[in-house]
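As structure tokens, the structure follows; a few thoughts come after it.
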Amino acid sequence: MSKKVFVKTFGCQMNVYDSEKIVDALKIIGYEKSEDLKKADCFILNTCHIRDKAKEKVYHEIGRVRELFLNKNKPLVIVAGCVAQAENNEMLKREPYIDLVIGPQSYHKLNESILKFQKNKSKNEITDFETIEKFNYLSKIQNKKSKVSSFLTIQEGCDKFCHFCVVPYTRGPEYSRPYDQIINEAEILVRNGSKEIILLGQNVNAYNYKNVNKEFRLSDLIMSLEKIDGLGRIRYTTSHPRDMTKDLLDCYKNSKKLMPLVHLPIQSGSNKILKSMNRKHKVEDYISVFNFLKEINCQIEFSSDFIIGYPGEEIEDFENTIKLIDRIKFINSYSFIFSARPGTTASKLKRIDDKITKNRLKIIQEKLFGYQKMKNKSLENKYIDVLIENEIKGQNKFFGRNEYMNSVIVEGNKNLIGKIVQVKISKSNQNTLFGEIDRKKTIKAA
């Protein structure tokens, strides 16, 4: 009888991808995924270290598990991900309920570590940077699940060392997976039913893999995925403005499957703050990319990330961020108050008063959400292409996304899943579009 593993995932899409790979790997030693924590023989918490109080959230979750199993046999408790990498052995010292701590570059050692623990009950932390070994191991484990939209990690780590960011310390230096390994995994995903592939990386557009014959960039991957029959949509995230090279920009002209949404975090509209952040690009560089892509295709839209109240941000810097938002009119963006991460350069800088930063965040979000709602409103009474991903539980409704990653809700039936359908949008709100499928128009496989 197989054992049950329950995985809880925090953070970015890469953590979601990692969690799926972890579950696939655990099948080899007899574990099956469970959606019910109470029935778990093993609990894995895949953590994120980007936001404030990430460490405390981990201990809160572990405390919740301890309470749930108070009068039951204790499950094997594993903390994985970026908090595990950052805190390593300290977690075992602070919280005896934790059995194993494993960093994101050591997942190839997870099965071995579990079997060793089951044998001798010896707690351990595994936080070596062994990216090549990890991907070589995980690439041999095929995911046989069918998902309409699938993540595919192509690159990990970061060499940029932005002063606010902990990624170089938790994910290590930039590493690009072998080109053939990625294409092979993509082909398997499509055979299993994926109609959309989202290429992932901490700096996805820094992808650069060299073999004896050629140097492969993100643009090469996109144009190779373009040729896979059955694949309808290609996306990638997260990008750095410094790595928006011309060969990548030209993909928006040459690829029919690359979606017209560019998620390109700028973080601030002030060159002074960008320099302080060590972002290595200027606002003018960002606008140049925007203008170039708009000339290729005026339907291309941008989304971004903003850090509000970064140390040293004065009113002029804040107003420059507002000006940039008004210039680009981002279709969707994420904005956060600066959160100091331990060990980063920015953590040593003087913080701005909380009242000021909260007020600035409110102004920024009202501006961003205004453009988001305006774009959604502009789609009302229009037909858009929607890739239907799944059925909404308990309702005769289905969930899909348009080319710009907007959530779309429609009524329908299960044979719509995995198809791109024409939807007439009837109403919208800030985050979701609602519409009806046009039965007269052709429903096509993605």
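Residues are referred to by chain and number: the chain letter is A, B, ... according to the order shown in the structure tokens, the number counts from 1 in that chain, and ligands are numbered separately from 1 in the order shown.
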If you take only C-alpha atoms and a cut-off of 12 Å, which residues of stretch 265-353 of chain A touch stretch 373-394 of chain A, and what are their nearest atom pairs and distances in Å to one decimal, in chain and number order, as a Markdown table?
```
| residue | atom | partner | partner_atom | distance |
| --- | --- | --- | --- | --- |
| A:Gln299 | CA | A:Lys375 | CA | 11.8 |
| A:Glu301 | CA | A:Lys375 | CA | 10.0 |
| A:Phe302 | CA | A:Lys375 | CA | 11.7 |
| A:Lys329 | CA | A:Lys375 | CA | 9.1 |
| A:Phe330 | CA | A:Lys375 | CA | 9.2 |
| A:Ile331 | CA | A:Lys375 | CA | 6.6 |
| A:Asn332 | CA | A:Lys373 | CA | 9.2 |
| A:Ser333 | CA | A:Lys373 | CA | 11.9 |
```
Dump of N, CA and C atoms for the selected residues, as a JSON list (two decimals), in the first residue's frame:
```json
[["chain", "number", "residue", "atom", "x", "y", "z"],
["A", 299, "GLN", "N", -0.78, 45.33, -30.45],
["A", 299, "GLN", "CA", -1.62, 44.59, -29.51],
["A", 299, "GLN", "C", -0.82, 44.06, -28.32],
["A", 301, "GLU", "N", 0.93, 43.93, -24.86],
["A", 301, "GLU", "CA", 0.72, 44.63, -23.60],
["A", 301, "GLU", "C", 1.81, 44.25, -22.61],
["A", 302, "PHE", "N", 2.05, 45.14, -21.64],
["A", 302, "PHE", "CA", 3.09, 44.92, -20.64],
["A", 302, "PHE", "C", 2.48, 44.77, -19.24],
["A", 329, "LYS", "N", 0.91, 52.25, -19.27],
["A", 329, "LYS", "CA", -0.46, 51.76, -19.03],
["A", 329, "LYS", "C", -0.47, 50.22, -18.91],
["A", 330, "PHE", "N", 0.23, 49.74, -17.89],
["A", 330, "PHE", "CA", 0.39, 48.30, -17.68],
["A", 330, "PHE", "C", -0.96, 47.60, -17.56],
["A", 331, "ILE", "N", -1.07, 46.46, -18.22],
["A", 331, "ILE", "CA", -2.32, 45.71, -18.21],
["A", 331, "ILE", "C", -2.54, 45.00, -16.87],
["A", 332, "ASN", "N", -1.43, 44.68, -16.20],
["A", 332, "ASN", "CA", -1.51, 43.98, -14.92],
["A", 332, "ASN", "C", -0.15, 44.09, -14.25],
["A", 333, "SER", "N", -0.11, 44.38, -12.96],
["A", 333, "SER", "CA", 1.18, 44.52, -12.29],
["A", 333, "SER", "C", 1.07, 44.16, -10.82]]
```
Tell me which protein, DNA and RNA residues are within 12 Å of A:His60, counting only C-alpha atoms, leaving out same-chain ones fewer than 6 positions away, and put them as a ChimeraX atom specification.
/A:45,53-54,66-67,95,97
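Distances to A:Phe216 were evaluated for A:Ser176, A:Thr345, A:Gln395, A:Gln85 using only C-alpha atoms, and the minimum falls at A:Ser176.
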Contact residues around stretch 253-270 of chain A with only C-alpha atoms at 9 Å, ignoring same-chain residues under 5 positions, as a PyMOL selection string
chain A and resi 222-223+225-226+231-241+275+277+279+281-283+286+293+296-297+299-308+310+313+316-325+331-335+403-405
At a cut-off of 7 Å, using only C-alpha atoms, what residues contact A:Asp159? Leave out same-chain residues fewer than 6 positions from it and give the result as a list in words.
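With the cut-off at 7 Å, the set is Pro168, Pro173 and Glu174 of chain A.
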What lies within 8 Å of A:Thr344 using only C-alpha atoms, ignoring chain neighbours under 5 positions off, as a PyMOL selection string?
chain A and resi 163-166
Write a file of the selected residues as a short mmCIF file (atom, residue, chain, number, x, y, z; two decimals), in the first residue's frame, keeping N, CA and C atoms.
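Everything below was put into again26.cif:
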```cif
data_model
loop_
_atom_site.label_atom_id
_atom_site.label_comp_id
_atom_site.auth_asym_id
_atom_site.auth_seq_id
_atom_site.Cartn_x
_atom_site.Cartn_y
_atom_site.Cartn_z
N HIS A 163 20.16 44.73 -5.11
CA HIS A 163 20.46 44.92 -3.70
C HIS A 163 19.32 44.53 -2.76
N PHE A 164 18.12 44.36 -3.29
CA PHE A 164 16.98 43.99 -2.44
C PHE A 164 16.70 42.49 -2.47
N CYS A 165 17.38 41.73 -3.32
CA CYS A 165 16.95 40.38 -3.67
C CYS A 165 17.82 39.30 -3.03
N VAL A 166 17.16 38.25 -2.55
CA VAL A 166 17.83 37.15 -1.87
C VAL A 166 18.09 35.96 -2.81
#
```
Could you tell me, as a PyMOL selection string, which residues of stretch 128-365 of chain A DSSP assigns to strand (DSSP E) when given the backbone?
chain A and resi 149-153+155-156+175-176+196-200+208-210+215-217+233-237+261-263+301-308+332-337
Considering only C-alpha atoms, can you say which of A:Phe117, A:Phe290, A:Tyr107, A:Phe43 comes closest to A:Tyr137?
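Of the candidates, the smallest distance to A:Tyr137 is held by A:Tyr107.
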Every residue of stretch 30-128 of chain A that DSSP places in alpha helix (DSSP H), as a PyMOL selection string
chain A and resi 54-68+82-87+89-94+110-120
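When atom CA of A:Ser339 is paired with atom CA of A:Ile62, their separation reads 23.4 Å.
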Could you check how far atom CA of A:Val77 sits from atom CA of A:Ile98, in Å to one decimal?
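Going from atom CA of A:Val77 over to atom CA of A:Ile98 covers 5.2 Å.
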Write out as a list in words which residues come within 12 Å of A:Gly11 when counting only C-alpha atoms, dropping same-chain ones fewer than 4 positions away.
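Within the cut-off, the hits are Asn15, Val16, Tyr17, Asp18, Ser19, Leu45, Asn46, Thr47, Cys48, His49, Ile50, Arg51, Asp52, Ala54, Lys57, Gly81, Cys82 and Val83 of chain A.
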Applying 8 Å and only C-alpha atoms, which residues near A:Gly172 remain after dropping the ones on its own chain fewer than 4 positions away? List them as a compact mmCIF listing (two decimals) with N, CA and C atoms, in the first residue's frame.
```txt
# COMPACT_ATOMS: atom_id res chain seq x y z
N PHE A 129 24.61 23.39 -3.49
CA PHE A 129 24.22 23.88 -4.81
C PHE A 129 24.69 22.87 -5.86
N GLU A 156 17.78 28.61 -13.80
CA GLU A 156 17.67 28.90 -12.37
C GLU A 156 18.81 29.80 -11.94
N GLY A 157 18.60 30.45 -10.81
CA GLY A 157 19.65 31.27 -10.22
C GLY A 157 19.77 32.65 -10.83
N CYS A 158 20.63 33.44 -10.22
CA CYS A 158 20.76 34.84 -10.67
C CYS A 158 22.17 35.36 -10.39
N VAL A 167 17.55 36.02 -4.03
CA VAL A 167 17.62 34.87 -4.94
C VAL A 167 19.05 34.35 -5.19
N PRO A 168 20.04 35.21 -5.42
CA PRO A 168 21.40 34.68 -5.66
C PRO A 168 21.92 33.83 -4.51
```
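Closest approach to A:Lys227 among A:Lys367, A:Ser106, A:Glu187, A:Ser347 is made by A:Glu187 (distances from only C-alpha atoms).
Residue nearest A:Cys251, chosen from A:Thr357, A:Asn71, A:Thr170, A:Ser219 and counting only C-alpha atoms: A:Ser219.
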Restricting to only C-alpha atoms, whichever of A:Cys42, A:Ile198, A:Leu92, A:Ile102 is closest to A:Val79 is A:Ile102
Nearest to A:Glu112 by atom-to-atom distance, counting only C-alpha atoms, from A:Phe151, A:Arg94, A:Ile28, A:Ser426:
A:Ile28
